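Participant: Take this structure, written in structure tokens, and hold onto it; I'll ask about it next.
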Amino acid sequence: MSSTWRTADVVEARFETATARTLALQFPEPVSSIGGQHVDIRLTAPDGYTAVRSFSVAGTLPPTGLEITVEELEDGEVSPYLVRDLTVGEQLEMRGPVGGWFVWQPSDTSPVQLIGGGSGVVPLMAMVRSHRAAGSTVPMQLLYSVRGPSSIIYRGELEKLEASSPPLPVEYVYTREAPPGEPVGRLSPATLMPRILPPAADPAVFICGATGFVETVAAWLVEAGYTESRIKTERYGGTGDGS
Amino acid sequence: MSLGLDDGLAGGTGAEAGGQDYLDGNALAGPLSEFSAGDLTVAEGRCENCGMTGVLATTRVYAHAPGMTARCRGCGSVLLRLTEAGGRTVLDLRGLSYLSIKRD
């Protein structure tokens with residue numbers, strides 16, 4: 001067995017939406033994470049069968065803890081267990097946090113545009129929290145595409161961040177169901193571009209969501225003149241329903 | 001063109017969709033950490049087949065291939081394979097001409 005695996009205690013669990021749950025994990029030694037990194041979680045069945053999946057770190061609990069937020073995928077092997085069955089006091093086998101590419105460093109000085117679809121907001125939230133914790137003054141804003149208001153992860157915290165000083169600008173795109181007065185709409189270049197930092201700002205762009213979402217949005221941005229090398233993407237394994 | 005947004009996403013960056021889809025090379029970070037303490041997904045590699053270069057984090061990774069297989073974004077050739085067998089993790093790099101990393 002590799003020494004890269006270690007055991008974490010589940011110390012808290014809370015639902016963010018009907019299908020997404022945040023797990024707070026404590027390690028026996030200090031752990032650090034850069035916003036955007038992930039951990040690999042390994043589940044082992046009594047017969048020895050193992051399943052390994054990656055989950056984005058949502059935030060840190062210094063010095064020895066971190067949080068992940070897991071969206072349940074109905075036919076998944078791991079996420080239903082993490083969302084429905086795992087209880088506080090149990091342990092998880094884990095590798096990481098890892099990943100050095102889809103990350104935001106507090107030392108970065110350029111403006112940041114975050115674009116998330118569904119639970120793709122999780123690693124972006126880690127960047128937001130890191131930005132706040134560091135007291136960074138670089139502009140950072142979030143465009144968050146969700147099915148409807150009830151599927152907004154971190155809703156209360158995002159509302160507070162929008163109202164704080166300086167505020168975190170958050171733009172929501174509602175794809176199925178919107179609050180009164182808000183449009184239900186599919187994202188298109190025409191609806192996306194006015195709501196994000198312009199190409200002239202040359203922002204670092206982080207896009208996370210399902211493959212179709214990520215690839216389509218990234219292609220639109222390149223077409224609109226954003227610098228391709230400044231666009232970083234992370235796809236989730238789910239195919240989504242495509243609508 | 002408009003996009004029907006997929007917000008019914010998987011639980012994480014893992015292969016919860018049963019391999020119908022591919023992931024980013026980001027997902028290689030954990031397995032590759034068994035080979036190097038530094039993050040290898042930020043290393044730039046050259047495809048032996050078509051010559052395209054790019055960081056491993058931007059390759060397409062198929063998670064049930066079996067094991068993990070990273071393919072070139074340009075030509076689709078297999079760049080590397082990670083498999084587990086006999087208590088060992090095996091990293092097959094034959095599709096890469098080289099990997100390079102920035103020096104500190």
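Numbering starts fresh at 1 for the residues of each chain in the structure tokens, the chains themselves are lettered A, B, ... in the order given, and ligands are numbered from 1 as they appear.
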Can you list, as a ChimeraX atom specification, every residue of chain B that DSSP puts in strand (DSSP E)?
Facilitator: /B:23-24,44-47,53-55,60-62,68-71,78-85,88-92,96-100
Participant: Using only C-alpha atoms, find which residues of chain A lie within 8 Å of chain B and jot them down as number ranges by chain.
Facilitator: A: 1-2, 4, 39-40, 52-56, 70-73, 75-79, 95-96, 98-102, 117-120, 145-147, 175, 186-189, 209-213, 216, 233-243
Participant: Using only C-alpha atoms, which residue out of A:Leu161, A:Val88, A:Ile41, A:Ile152 lies closest to His131 of chain A?
Facilitator: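 Ranked by minimum distance to His131 of chain A, first place goes to A:Leu161.
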Participant: Quick one: residues within 9 Å of Arg94 of chain B, only C-alpha atoms, excluding same-chain residues fewer than 6 positions away - as a list of chain:residue names?
Facilitator: B:Glu48, B:Val78, B:Leu79, B:Leu80, B:Arg81
Participant: Which polymer residues have any atom within 8 Å of an atom of Ile115 of chain A, counting only C-alpha atoms, with same-chain residues fewer than 6 positions away left out, as a list in words?
Facilitator: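 Skipping anything fewer than 6 positions along the chain leaves Val121, Leu124, Leu142, Leu143, Tyr144, Ser145, Val205, Phe206, Ile207 and Cys208 of chain A.
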Participant: For each of A:Trp220, A:Tyr81, A:Phe27, A:Phe15, take the minimum atom-to-atom distance to Tyr154 of chain A, counting only C-alpha atoms, then give the residue where this is smallest.
Facilitator: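 Between A:Trp220, A:Tyr81, A:Phe27, A:Phe15, the residue approaching Tyr154 of chain A most closely is A:Phe15.
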Participant: I'd like to know which of A:Asp108, A:Glu12, A:Glu157, A:Glu162 is closest to Thr137 of chain A, using only C-alpha atoms.
Facilitator: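 Among A:Asp108, A:Glu12, A:Glu157, A:Glu162, it is A:Asp108 that comes nearest to Thr137 of chain A.
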Participant: Can you measure atom CA of Gln26 of chain A to atom CA of Asp9 of chain A for me? One decimal in Å is fine.
Facilitator: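 One can read the atom CA of Gln26 of chain A to atom CA of Asp9 of chain A distance as 5.1 Å.
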Participant: List as a list in words the protein and nucleic acid residues near Cys50 of chain B, meaning an atom at most 9 Å away when only C-alpha atoms are counted, but skip any in the same chain fewer than 4 places from it.
Facilitator: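 Residues meeting the cut-off are Arg46, Cys72, Gly74, Cys75 and Ser77 of chain B.
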Participant: Fewer than 6 positions away in the same chain doesn't count, so skip those; otherwise give me all residues within 12 Å of Pro169 of chain A, counting only C-alpha atoms, as number ranges by chain.
Facilitator: A: 112-115, 128, 139-144, 158-163, 195-197
Participant: State, in Å with one decimal place, the distance from atom CA of Pro123 of chain A to atom CA of Ser33 of chain A.
Facilitator: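 Computing the Euclidean distance for atom CA of Pro123 of chain A and atom CA of Ser33 of chain A yields 11.0 Å.
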Participant: Could you pull out the residues in chain B that DSSP calls helix (DSSP H, G or I) from the backbone, as a list in words?
Facilitator: Gly25, Asn26, Ala27, Leu28, Ala29, Gly30, Pro31, Leu32, Leu40, Thr41, Val42, Leu56, Ala57 and Thr58 of chain B
Participant: Using only C-alpha atoms, which of B:Ala65, B:Ala70, B:Val90, B:Leu96 sits nearest Thr53 of chain B?
Facilitator: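 When distances to Thr53 of chain B are compared using only C-alpha atoms, the smallest one comes from B:Leu96.
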Participant: Extract, using only C-alpha atoms, all DNA, RNA and protein residues at most 10 Å from Ser107 of chain A, discarding same-chain residues fewer than 6 positions from it, and format them as a list in words.
Facilitator: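 In the requested form, the answer reads His131, Ala134, Ser136 and Val138 of chain A.
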Participant: Given the selection you just returned, output its residues as a file containing N, CA, C and O atoms, formatted as a PDB file, in the first residue's frame.
Facilitator:
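Saved the output as out_29.pdb:
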```pdb
ATOM      1  N   HIS A 131      -9.469  33.462  -1.481  1.00  0.00           N
ATOM      2  CA  HIS A 131      -9.345  34.887  -1.818  1.00  0.00           C
ATOM      3  C   HIS A 131      -9.718  35.743  -0.616  1.00  0.00           C
ATOM      4  O   HIS A 131      -9.026  36.705  -0.269  1.00  0.00           O
ATOM      5  N   ALA A 134      -7.212  35.323   2.362  1.00  0.00           N
ATOM      6  CA  ALA A 134      -5.935  35.998   2.118  1.00  0.00           C
ATOM      7  C   ALA A 134      -6.094  37.518   2.108  1.00  0.00           C
ATOM      8  O   ALA A 134      -5.102  38.243   2.042  1.00  0.00           O
ATOM      9  N   SER A 136      -7.200  39.130  -0.341  1.00  0.00           N
ATOM     10  CA  SER A 136      -6.764  39.551  -1.678  1.00  0.00           C
ATOM     11  C   SER A 136      -7.646  40.681  -2.197  1.00  0.00           C
ATOM     12  O   SER A 136      -8.859  40.701  -1.988  1.00  0.00           O
ATOM     13  N   VAL A 138      -7.488  41.501  -5.563  1.00  0.00           N
ATOM     14  CA  VAL A 138      -7.698  41.368  -7.007  1.00  0.00           C
ATOM     15  C   VAL A 138      -9.180  41.094  -7.264  1.00  0.00           C
ATOM     16  O   VAL A 138      -9.839  40.392  -6.487  1.00  0.00           O
TER      17      VAL A 138
END
```
